[in-house]
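Heads up, my_file24.txt below (compact mmCIF, C-alpha atoms):
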```
# COMPACT_ATOMS: atom_id res chain seq x y z
CA MET X 402 -11.34 -32.04 -22.95
CA LYS X 403 -9.94 -35.08 -24.73
CA LYS X 404 -6.16 -35.38 -24.97
CA ASN X 405 -6.22 -35.21 -28.74
CA GLN X 406 -8.39 -32.11 -28.66
CA MET X 407 -6.05 -30.38 -26.20
CA GLY X 408 -3.02 -31.14 -28.35
CA ARG X 409 -4.79 -29.78 -31.39
CA THR X 410 -5.92 -26.64 -29.56
CA LEU X 411 -2.33 -25.89 -28.51
CA ASP X 412 -1.07 -26.55 -32.03
CA ILE X 413 -3.71 -24.19 -33.46
CA PHE X 414 -2.89 -21.42 -30.98
CA LYS X 415 0.85 -21.54 -31.67
CA THR X 416 0.43 -21.77 -35.43
CA PHE X 417 -2.16 -18.98 -35.60
CA LEU X 418 0.09 -16.69 -33.53
CA LYS X 419 2.64 -17.13 -36.31
CA PHE X 420 -0.04 -16.62 -39.02
CA GLY X 421 -1.15 -13.44 -37.23
CA CYS X 422 2.26 -11.81 -37.68
CA PHE X 423 2.02 -12.12 -41.46
CA THR X 424 -1.60 -11.35 -42.38
CA PHE X 425 -0.84 -8.45 -44.70
CA GLY X 426 -3.11 -7.42 -47.53
CA GLY X 427 -6.48 -7.51 -45.83
CA GLY X 428 -5.83 -10.93 -44.41
CA TRP X 429 -6.31 -13.02 -47.54
CA SER X 430 -2.84 -14.50 -47.10
CA ILE X 431 -4.30 -16.49 -44.20
CA VAL X 432 -5.95 -18.73 -46.80
CA ALA X 433 -2.52 -19.49 -48.27
CA GLN X 434 -1.06 -20.14 -44.82
CA ILE X 435 -3.85 -22.51 -43.73
CA GLN X 436 -3.57 -24.31 -47.08
CA LYS X 437 0.18 -24.92 -46.64
CA GLU X 438 0.06 -25.87 -42.96
CA TYR X 439 -3.22 -27.74 -42.47
CA VAL X 440 -4.09 -29.09 -45.92
CA GLU X 441 -0.69 -29.98 -47.35
CA LYS X 442 1.43 -30.65 -44.28
CA LYS X 443 -0.89 -31.88 -41.52
CA HIS X 444 -3.90 -33.09 -43.57
CA TRP X 445 -6.42 -31.86 -40.99
CA ILE X 446 -8.77 -30.47 -43.64
CA THR X 447 -9.25 -30.74 -47.40
CA ASP X 448 -9.05 -28.00 -50.04
CA GLU X 449 -12.85 -28.18 -50.36
CA GLU X 450 -13.32 -27.51 -46.64
CA LEU X 451 -10.91 -24.54 -46.80
CA LEU X 452 -12.97 -23.07 -49.66
CA ASP X 453 -16.12 -23.52 -47.55
CA PHE X 454 -14.58 -21.75 -44.56
CA THR X 455 -13.36 -18.89 -46.74
CA SER X 456 -16.64 -18.23 -48.51
CA VAL X 457 -18.78 -18.66 -45.41
CA GLY X 458 -16.32 -16.51 -43.40
CA ARG X 459 -16.51 -13.81 -46.04
CA SER X 460 -20.31 -13.72 -45.95
CA ILE X 461 -20.67 -13.33 -42.16
CA PRO X 462 -20.36 -9.82 -40.69
CA GLY X 463 -17.09 -8.82 -39.09
CA LEU X 464 -13.50 -9.61 -39.91
CA MET X 465 -13.05 -12.21 -42.64
CA ILE X 466 -9.89 -13.67 -41.10
CA GLY X 467 -11.46 -13.80 -37.64
CA ASN X 468 -14.43 -15.66 -39.10
CA ALA X 469 -12.31 -18.05 -41.18
CA SER X 470 -10.17 -18.76 -38.09
CA VAL X 471 -13.21 -19.61 -35.96
CA LEU X 472 -14.67 -21.87 -38.67
CA PHE X 473 -11.37 -23.72 -39.08
CA GLY X 474 -10.67 -23.91 -35.33
CA TYR X 475 -14.13 -25.27 -34.52
CA HIS X 476 -13.87 -27.87 -37.25
CA ALA X 477 -10.45 -29.01 -36.03
CA ALA X 478 -10.96 -28.97 -32.24
CA GLY X 479 -14.40 -27.69 -31.25
CA ILE X 480 -14.99 -24.51 -29.24
CA PRO X 481 -11.51 -24.50 -27.60
CA GLY X 482 -9.99 -24.77 -31.08
CA ALA X 483 -12.11 -21.90 -32.37
CA LEU X 484 -11.11 -19.66 -29.45
CA ALA X 485 -7.43 -20.62 -29.83
CA ALA X 486 -7.47 -19.77 -33.55
CA LEU X 487 -9.23 -16.43 -33.00
CA LEU X 488 -6.93 -15.39 -30.11
CA GLY X 489 -3.86 -16.47 -32.05
CA ILE X 490 -4.76 -14.53 -35.17
CA VAL X 491 -5.75 -11.38 -33.23
CA ILE X 492 -2.96 -11.01 -30.61
CA PRO X 493 -0.02 -10.20 -32.97
CA PRO X 494 -1.78 -7.40 -34.93
CA VAL X 495 -3.08 -5.80 -31.70
CA ALA X 496 0.38 -5.99 -30.09
CA ILE X 497 2.12 -4.59 -33.18
CA MET X 498 -0.46 -1.84 -33.55
CA LEU X 499 0.01 -0.83 -29.90
CA GLY X 500 3.71 -0.41 -30.66
CA VAL X 501 2.89 1.62 -33.77
CA VAL X 502 0.60 3.99 -31.83
CA PHE X 503 3.44 4.91 -29.51
CA LEU X 504 5.95 5.24 -32.34
CA TYR X 505 3.38 6.92 -34.62
CA ASP X 506 5.53 9.92 -35.57
CA LEU X 507 8.57 7.74 -36.14
CA VAL X 508 6.76 5.29 -38.44
CA LYS X 509 4.59 7.76 -40.31
CA ASP X 510 6.30 8.98 -43.50
CA ASN X 511 9.52 7.12 -42.70
CA PRO X 512 11.21 6.36 -46.07
CA TYR X 513 12.66 3.00 -44.94
CA VAL X 514 9.34 1.75 -43.59
CA ASP X 515 7.79 2.94 -46.83
CA ARG X 516 10.28 0.98 -48.96
CA ALA X 517 9.91 -2.23 -46.96
CA MET X 518 6.12 -1.95 -47.20
CA THR X 519 6.25 -1.48 -50.98
CA GLY X 520 8.02 -4.84 -51.03
CA VAL X 521 5.55 -6.53 -48.69
CA ARG X 522 2.57 -5.24 -50.66
CA ALA X 523 4.13 -6.57 -53.86
CA ALA X 524 4.23 -10.05 -52.32
CA VAL X 525 0.54 -10.10 -51.36
CA VAL X 526 -0.80 -10.89 -54.84
CA PRO X 527 1.60 -13.82 -55.49
CA ILE X 528 0.70 -15.24 -52.05
CA ILE X 529 -3.05 -15.12 -52.75
CA PHE X 530 -2.43 -16.43 -56.27
CA SER X 531 -0.45 -19.44 -55.01
CA ALA X 532 -3.38 -20.38 -52.75
CA LEU X 533 -5.83 -19.92 -55.61
CA LEU X 534 -3.83 -22.30 -57.84
CA LYS X 535 -4.12 -25.07 -55.25
CA LEU X 536 -7.79 -24.48 -54.46
CA PHE X 537 -8.85 -24.10 -58.07
CA LYS X 538 -9.31 -27.78 -58.92
CA SER X 539 -11.33 -28.67 -55.85
CA GLY X 540 -13.80 -25.87 -56.47
CA MET X 541 -14.23 -26.36 -60.20
CA LYS X 542 -15.87 -29.70 -60.90
CA ASN X 543 -17.32 -28.95 -64.34
CA ALA X 544 -18.12 -26.22 -66.89
CA TYR X 545 -21.10 -25.02 -64.86
CA CYS X 546 -18.71 -24.12 -62.01
CA TYR X 547 -16.67 -21.90 -64.32
CA LEU X 548 -19.87 -20.02 -65.17
CA ILE X 549 -20.64 -19.45 -61.47
CA ALA X 550 -17.05 -18.36 -60.75
CA ALA X 551 -17.09 -15.91 -63.68
CA GLY X 552 -20.39 -14.45 -62.46
CA ALA X 553 -19.11 -14.03 -58.89
CA PHE X 554 -15.90 -12.46 -60.19
CA ALA X 555 -17.79 -9.90 -62.28
CA LEU X 556 -20.24 -9.06 -59.48
CA CYS X 557 -17.38 -8.54 -57.00
CA LEU X 558 -15.29 -6.40 -59.30
CA PHE X 559 -17.83 -4.33 -61.22
CA THR X 560 -20.83 -3.95 -58.91
CA LYS X 561 -21.47 -3.08 -55.29
CA VAL X 562 -23.53 -6.21 -54.70
CA ASN X 563 -23.08 -7.42 -51.12
CA ASN X 564 -20.84 -10.47 -50.61
CA VAL X 565 -23.55 -12.24 -48.62
CA LEU X 566 -25.86 -12.00 -51.59
CA ILE X 567 -23.21 -13.35 -53.96
CA VAL X 568 -22.57 -16.36 -51.72
CA LEU X 569 -26.34 -16.98 -51.40
CA MET X 570 -26.69 -16.79 -55.20
CA GLY X 571 -23.91 -19.39 -55.43
CA ALA X 572 -25.79 -21.65 -53.01
CA ALA X 573 -28.98 -21.25 -55.06
CA ALA X 574 -27.08 -22.00 -58.28
CA GLY X 575 -25.69 -25.18 -56.72
CA LEU X 576 -29.12 -26.35 -55.55
CA ILE X 577 -30.75 -25.63 -58.92
CA TYR X 578 -27.99 -27.41 -60.81
CA GLN X 579 -28.19 -30.58 -58.71
CA GLU X 580 -32.00 -30.55 -58.86
CA VAL X 581 -32.05 -30.27 -62.66
CA LYS X 582 -29.36 -32.92 -62.93
CA SER X 583 -31.18 -35.46 -60.76
CA ARG X 584 -34.44 -34.95 -62.69
CA ARG X 585 -32.61 -35.47 -65.96
CA ASP X 586 -30.99 -38.64 -64.61
CA LEU X 587 -34.42 -40.00 -63.67
CA SER X 588 -36.04 -39.45 -67.06
CA MET I 583 -18.09 4.95 -19.41
CA ILE I 584 -15.51 5.25 -22.14
CA TYR I 585 -14.63 1.52 -22.27
CA LEU I 586 -18.24 0.50 -22.77
CA GLU I 587 -18.68 3.23 -25.37
CA LEU I 588 -15.64 2.00 -27.31
CA PHE I 589 -16.85 -1.60 -27.09
CA ILE I 590 -20.35 -0.77 -28.34
CA SER I 591 -19.08 1.50 -31.07
CA PHE I 592 -16.78 -1.16 -32.52
CA LEU I 593 -19.39 -3.85 -31.95
CA MET I 594 -21.64 -1.88 -34.30
CA ILE I 595 -18.83 -1.52 -36.82
CA GLY I 596 -18.18 -5.27 -36.63
CA PHE I 597 -21.80 -6.33 -37.05
CA THR I 598 -22.64 -3.95 -39.89
CA SER I 599 -19.62 -4.45 -42.13
CA PHE I 600 -18.01 -7.25 -44.06
CA GLY I 601 -14.30 -6.67 -43.65
CA GLY I 602 -11.69 -4.68 -45.51
CA MET I 603 -12.36 -1.30 -47.06
CA SER I 604 -16.13 -1.63 -46.54
CA MET I 605 -15.43 -0.68 -42.91
CA ILE I 606 -13.95 2.76 -43.64
CA PRO I 607 -17.17 4.84 -43.91
CA LEU I 608 -18.56 3.21 -40.74
CA ILE I 609 -15.33 3.78 -38.84
CA ASN I 610 -15.23 7.37 -40.09
CA ASP I 611 -18.78 8.05 -38.85
CA GLN I 612 -18.21 6.52 -35.43
CA MET I 613 -14.85 8.22 -34.83
CA LEU I 614 -16.03 11.69 -35.87
CA SER I 615 -19.40 11.56 -34.08
CA HIS I 616 -17.68 10.59 -30.81
CA GLY I 617 -14.86 13.04 -31.40
CA TRP I 618 -12.32 10.23 -30.94
CA MET I 619 -10.37 10.96 -34.12
CA THR I 620 -10.22 13.69 -36.77
CA ALA I 621 -10.88 12.94 -40.44
CA GLN I 622 -7.14 13.35 -41.07
CA GLU I 623 -6.34 10.76 -38.39
CA VAL I 624 -8.80 8.31 -39.91
CA ALA I 625 -7.03 8.72 -43.26
CA ASP I 626 -3.66 8.19 -41.54
CA ILE I 627 -4.85 5.07 -39.77
CA VAL I 628 -6.02 3.53 -43.05
CA ALA I 629 -2.50 4.07 -44.42
CA ILE I 630 -0.90 2.65 -41.28
CA ALA I 631 -3.23 -0.35 -41.23
CA GLU I 632 -1.77 -1.21 -44.63
CA MET I 633 1.72 -1.33 -43.10
CA THR I 634 0.93 -3.63 -40.21
CA PRO I 635 -0.43 -7.16 -40.30
CA GLY I 636 -4.05 -7.76 -39.44
CA PRO I 637 -7.37 -6.58 -40.81
CA LEU I 638 -8.22 -2.89 -41.07
CA GLY I 639 -11.07 -3.05 -38.55
CA LEU I 640 -8.86 -4.53 -35.85
CA ASN I 641 -6.07 -2.03 -36.50
CA CYS I 642 -8.51 0.89 -36.29
CA ALA I 643 -9.97 -0.49 -33.07
CA THR I 644 -6.52 -0.75 -31.48
CA PHE I 645 -5.51 2.71 -32.67
CA ALA I 646 -8.69 4.54 -31.69
CA GLY I 647 -8.94 2.63 -28.40
CA THR I 648 -5.39 3.49 -27.36
CA ARG I 649 -5.74 7.12 -28.38
CA THR I 650 -8.91 7.62 -26.35
CA ALA I 651 -8.44 5.34 -23.34
CA GLY I 652 -4.97 3.77 -23.34
CA VAL I 653 -4.23 0.04 -23.57
CA PRO I 654 -7.49 -1.08 -21.85
CA GLY I 655 -9.38 1.04 -24.39
CA ALA I 656 -7.58 -0.81 -27.18
CA LEU I 657 -8.60 -4.16 -25.68
CA PHE I 658 -12.29 -3.21 -25.33
CA ALA I 659 -12.44 -1.79 -28.85
CA SER I 660 -10.74 -4.90 -30.29
CA LEU I 661 -13.10 -7.18 -28.41
CA GLY I 662 -16.01 -5.25 -29.95
CA VAL I 663 -14.79 -5.69 -33.50
CA ILE I 664 -14.13 -9.45 -33.15
CA PHE I 665 -17.43 -10.08 -31.36
CA PRO I 666 -19.28 -11.24 -34.51
CA SER I 667 -16.61 -13.93 -34.98
CA LEU I 668 -17.17 -15.09 -31.40
CA THR I 669 -20.95 -15.31 -31.72
CA VAL I 670 -22.45 -15.46 -35.22
CA THR I 671 -19.50 -17.32 -36.74
CA MET I 672 -19.36 -19.79 -33.84
CA LEU I 673 -23.03 -20.64 -34.48
CA ALA I 674 -22.34 -20.92 -38.21
CA ALA I 675 -19.47 -23.32 -37.46
CA MET I 676 -21.78 -25.56 -35.41
CA PHE I 677 -24.41 -25.39 -38.11
CA LEU I 678 -21.87 -26.29 -40.82
CA ARG I 679 -20.71 -29.36 -38.90
CA LYS I 680 -24.23 -30.51 -38.05
CA PHE I 681 -25.47 -30.36 -41.63
CA LYS I 682 -22.20 -31.38 -43.24
CA GLU I 683 -23.54 -34.77 -44.27
CA SER I 684 -26.85 -33.43 -45.57
CA ARG I 685 -27.46 -33.64 -49.29
CA LEU I 686 -28.85 -30.09 -49.54
CA MET I 687 -25.75 -28.63 -47.87
CA GLU I 688 -23.45 -30.51 -50.24
CA GLU I 689 -25.46 -29.25 -53.22
CA ALA I 690 -25.32 -25.65 -51.99
CA LEU I 691 -21.57 -25.90 -51.39
CA PHE I 692 -21.15 -27.17 -54.95
CA GLY I 693 -22.26 -23.68 -56.03
CA ILE I 694 -20.57 -21.75 -53.20
CA ARG I 695 -17.05 -23.05 -53.86
CA PRO I 696 -16.77 -21.57 -57.38
CA VAL I 697 -18.09 -18.28 -55.93
CA CYS I 698 -15.14 -18.31 -53.55
CA ILE I 699 -12.73 -18.86 -56.45
CA GLY I 700 -14.32 -15.96 -58.35
CA MET I 701 -14.06 -13.73 -55.27
CA ILE I 702 -10.36 -14.53 -54.81
CA PHE I 703 -9.75 -13.67 -58.48
CA ALA I 704 -11.47 -10.32 -57.92
CA VAL I 705 -9.32 -9.64 -54.84
CA ILE I 706 -6.20 -10.38 -56.92
CA ILE I 707 -7.22 -7.81 -59.56
CA GLN I 708 -8.11 -5.18 -56.94
CA GLN I 709 -4.86 -5.70 -55.04
CA SER I 710 -2.79 -5.66 -58.24
CA MET I 711 -4.18 -2.26 -59.18
CA VAL I 712 -3.05 -0.84 -55.83
CA ASN I 713 0.20 -2.70 -55.26
CA TYR I 714 1.93 -2.48 -58.63
CA ALA I 715 1.03 1.05 -59.67
CA GLY I 716 2.02 4.48 -58.44
CA PRO I 717 -0.38 6.96 -56.89
CA LEU I 718 -3.67 7.14 -58.82
CA LEU I 719 -2.57 4.50 -61.33
CA GLY I 720 -0.24 7.01 -63.00
CA PHE I 721 2.50 4.48 -63.72
CA VAL I 722 3.59 0.93 -63.04
CA SER I 723 6.28 0.44 -60.42
CA TRP I 724 9.02 -1.81 -61.90
CA GLN I 725 10.36 -2.47 -58.40
CA ALA I 726 7.00 -3.82 -57.24
CA VAL I 727 6.69 -5.99 -60.36
CA VAL I 728 10.21 -7.44 -59.88
CA ILE I 729 9.51 -8.19 -56.20
CA GLY I 730 6.15 -9.73 -57.08
CA LEU I 731 7.74 -12.04 -59.66
CA ALA I 732 10.51 -13.03 -57.23
CA ALA I 733 7.90 -13.86 -54.58
CA LEU I 734 5.90 -15.91 -57.09
CA VAL I 735 8.97 -17.98 -58.08
CA MET I 736 9.89 -18.60 -54.42
CA LEU I 737 6.34 -19.67 -53.53
CA LEU I 738 5.69 -21.93 -56.51
CA ARG I 739 9.09 -23.23 -57.59
CA PHE I 740 10.87 -23.41 -54.22
CA LYS I 741 7.79 -23.95 -52.03
CA TRP I 742 8.72 -21.14 -49.64
CA SER I 743 6.44 -20.40 -46.68
CA VAL I 744 4.40 -17.18 -46.52
CA PRO I 745 6.43 -15.58 -43.67
CA LYS I 746 9.74 -16.29 -45.42
CA THR I 747 8.38 -14.82 -48.66
CA ILE I 748 7.13 -11.67 -46.91
CA LEU I 749 10.51 -11.13 -45.21
CA LEU I 750 12.29 -11.52 -48.55
CA ALA I 751 9.88 -9.03 -50.15
CA ALA I 752 10.48 -6.48 -47.38
CA GLY I 753 14.25 -6.86 -47.83
CA LEU I 754 13.99 -6.46 -51.61
CA GLY I 755 11.79 -3.40 -51.08
CA LEU I 756 14.47 -1.80 -48.91
CA ALA I 757 17.18 -2.64 -51.44
CA LEU I 758 15.36 -1.52 -54.58
CA GLY I 759 13.79 1.70 -53.22
CA SER I 760 10.19 2.77 -53.10
CA ILE I 761 7.86 3.75 -55.92
```

Once more with this new file: its structure as structure tokens, please.
Amino acid sequence: MKKNQMGRTLDIFKTFLKFGCFTFGGGWSIVAQIQKEYVEKKHWITDEELLDFTSVGRSIPGLMIGNASVLFGYHAAGIPGALAALLGIVIPPVAIMLGVVFLYDLVKDNPYVDRAMTGVRAAVVPIIFSALLKLFKSGMKNAYCYLIAAGAFALCLFTKVNNVLIVLMGAAAGLIYQEVKSRRDLS
Amino acid sequence: MIYLELFISFLMIGFTSFGGMSMIPLINDQMLSHGWMTAQEVADIVAIAEMTPGPLGLNCATFAGTRTAGVPGALFASLGVIFPSLTVTMLAAMFLRKFKESRLMEEALFGIRPVCIGMIFAVIIQQSMVNYAGPLLGFVSWQAVVIGLAALVMLLRFKWSVPKTILLAAGLGLALGSI
């Protein structure tokens, strides 16, 4: 393993352990955390690449955050990086859940836990929204993109169409658009 | 062997679902058919998974694994549910890198990125309906709205990190009282 790769792998493991402690709300906050840490601060990836990891991760079976972690980790530091990201994101929830199992009766229906969680849940939407604001520009290059986004939004919210299918439709829409555009440019 | 059974059961859940709530019916089937959990326990675990970090599938795996076969059971079940990430996603990552420079890939991604934006918007709407309203959308919780706005200001205006924002939100939740 190259020295640079080892340094990166360690960095990923430590950072993803921290991410793993705060992946409330189905894990979407991980997108916000990667954006802040690796796009804005460390410049390892671009907003475009983060969007790619998120949508591809969402359309592969299994846990979205596990998939997004592997995609990011592999991109940043190869297979060791992917394993470091996956282990890091998975260890804290498993450890915390083990604690919860043993304290099940204490945690279940506890009014203080309930209050704190109402607060945490209320923060999930602003966290996802803040990530969306930053990613918005890099995903939306022209009016055609808004049309695709609106279609995906409606399909996700109002139908039971599988996410894989929606991502594939997006890919097809991209290919068709570029094909039509290049033919028009030629003529 | 119980460990292998747990591993295979959660492997199937992992490979046939796409995260989040879509896992619940599958988990329900597997837990009841093996007699590992009752329907009531599955409902409880969904509520508890909301309280702890991490995706629902992983939380269920840890819970069911521990209940049936202690800590090793939890590890085997968790390994099962993250297995798709280790295999299919790893291959996808290699594929993405290999074809990153290809023109076709770039054209496809041009259409995939807006899809991702649309999906995140949909998640925001879905989460809002659960997180800012009382049971069954009967009323809006002013406490949740106040905390949400405070979190938004901290994130955007003061550039707070996600962990710091979540800790603040938990503190505010304790102070303001539940729905």

Subject >> Residue among X:Ser583, X:Leu536, X:Leu504, X:Phe425 lying closest to chain I, counting all atoms listed in the file >> reply: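 Under the stated criterion, the closest residue is X:Phe425.
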
**OP:** Would you kindly identify which residues have an atom no farther than 10 Å from (-5.4, -7.0, -54.5), using all atoms listed in the file and the file's own coordinates, and write them out as a PyMOL selection string?
**Re:** (chain X and resi 426-427+429+522-523+525-527+529) or (chain I and resi 702-714)

**OP:** Output the contact residues of chain I with respect to chain X at a cut-off of 6 Å, based on only C-alpha atoms, as a PyMOL selection string.
**Re:** chain I and resi 596-597+599-602+635-637+666-667+671+675+689-690+692-698+700-701+704+706+713+726+730+733-734+748+751-752+755-756+759-760

Subject >> Nearest to Val628 in chain I by atom-to-atom distance, counting all atoms listed in the file, from I:Leu640, I:Ala757, I:Thr648, I:Ile606 >> reply: I:Ile606

Can you sort out the box for range 418-434 of chain X, edges along x, y and z, all listed atoms in, 6 Å on every side, with centre and edge lengths in Å to one decimal, as JSON?
```
{"center_x": -1.9, "center_y": -13.8, "center_z": -40.9, "size_x": 21.1, "size_y": 24.7, "size_z": 26.7}
```

Got a minute to add N, CA and C atoms to range 507-523 of chain X and dump it as a PDB file, keeping the file's coordinate frame?
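To be explicit, this is the file written out as part-v3.pdb:
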```pdb
ATOM      1  N   LEU X 507       7.360   8.340 -35.599  1.00  0.00           N
ATOM      2  CA  LEU X 507       8.570   7.740 -36.140  1.00  0.00           C
ATOM      3  C   LEU X 507       8.261   6.912 -37.393  1.00  0.00           C
ATOM      4  N   VAL X 508       7.112   6.215 -37.351  1.00  0.00           N
ATOM      5  CA  VAL X 508       6.760   5.290 -38.440  1.00  0.00           C
ATOM      6  C   VAL X 508       6.144   6.026 -39.611  1.00  0.00           C
ATOM      7  N   LYS X 509       5.327   7.022 -39.285  1.00  0.00           N
ATOM      8  CA  LYS X 509       4.590   7.760 -40.310  1.00  0.00           C
ATOM      9  C   LYS X 509       5.570   8.511 -41.224  1.00  0.00           C
ATOM     10  N   ASP X 510       5.456   8.308 -42.507  1.00  0.00           N
ATOM     11  CA  ASP X 510       6.300   8.980 -43.500  1.00  0.00           C
ATOM     12  C   ASP X 510       7.778   8.633 -43.399  1.00  0.00           C
ATOM     13  N   ASN X 511       8.116   7.536 -42.739  1.00  0.00           N
ATOM     14  CA  ASN X 511       9.520   7.120 -42.700  1.00  0.00           C
ATOM     15  C   ASN X 511       9.872   6.425 -44.028  1.00  0.00           C
ATOM     16  N   PRO X 512      10.919   6.906 -44.733  1.00  0.00           N
ATOM     17  CA  PRO X 512      11.210   6.360 -46.070  1.00  0.00           C
ATOM     18  C   PRO X 512      11.585   4.878 -46.054  1.00  0.00           C
ATOM     19  N   TYR X 513      12.253   4.413 -44.978  1.00  0.00           N
ATOM     20  CA  TYR X 513      12.660   3.000 -44.940  1.00  0.00           C
ATOM     21  C   TYR X 513      11.455   2.089 -44.733  1.00  0.00           C
ATOM     22  N   VAL X 514      10.564   2.514 -43.822  1.00  0.00           N
ATOM     23  CA  VAL X 514       9.340   1.750 -43.590  1.00  0.00           C
ATOM     24  C   VAL X 514       8.551   1.693 -44.900  1.00  0.00           C
ATOM     25  N   ASP X 515       8.507   2.824 -45.574  1.00  0.00           N
ATOM     26  CA  ASP X 515       7.790   2.940 -46.830  1.00  0.00           C
ATOM     27  C   ASP X 515       8.323   1.958 -47.879  1.00  0.00           C
ATOM     28  N   ARG X 516       9.646   1.888 -47.985  1.00  0.00           N
ATOM     29  CA  ARG X 516      10.280   0.980 -48.960  1.00  0.00           C
ATOM     30  C   ARG X 516       9.974  -0.484 -48.631  1.00  0.00           C
ATOM     31  N   ALA X 517      10.156  -0.839 -47.363  1.00  0.00           N
ATOM     32  CA  ALA X 517       9.910  -2.230 -46.960  1.00  0.00           C
ATOM     33  C   ALA X 517       8.458  -2.603 -47.244  1.00  0.00           C
ATOM     34  N   MET X 518       7.532  -1.643 -47.003  1.00  0.00           N
ATOM     35  CA  MET X 518       6.120  -1.950 -47.200  1.00  0.00           C
ATOM     36  C   MET X 518       5.765  -2.070 -48.681  1.00  0.00           C
ATOM     37  N   THR X 519       6.454  -1.301 -49.538  1.00  0.00           N
ATOM     38  CA  THR X 519       6.250  -1.480 -50.980  1.00  0.00           C
ATOM     39  C   THR X 519       6.568  -2.918 -51.351  1.00  0.00           C
ATOM     40  N   GLY X 520       7.642  -3.457 -50.772  1.00  0.00           N
ATOM     41  CA  GLY X 520       8.020  -4.840 -51.030  1.00  0.00           C
ATOM     42  C   GLY X 520       6.974  -5.814 -50.522  1.00  0.00           C
ATOM     43  N   VAL X 521       6.532  -5.619 -49.283  1.00  0.00           N
ATOM     44  CA  VAL X 521       5.550  -6.530 -48.690  1.00  0.00           C
ATOM     45  C   VAL X 521       4.258  -6.524 -49.504  1.00  0.00           C
ATOM     46  N   ARG X 522       3.811  -5.331 -49.875  1.00  0.00           N
ATOM     47  CA  ARG X 522       2.570  -5.240 -50.660  1.00  0.00           C
ATOM     48  C   ARG X 522       2.697  -5.962 -51.997  1.00  0.00           C
ATOM     49  N   ALA X 523       3.912  -5.905 -52.570  1.00  0.00           N
ATOM     50  CA  ALA X 523       4.130  -6.570 -53.860  1.00  0.00           C
ATOM     51  C   ALA X 523       4.044  -8.079 -53.731  1.00  0.00           C
TER      52      ALA X 523
END
```
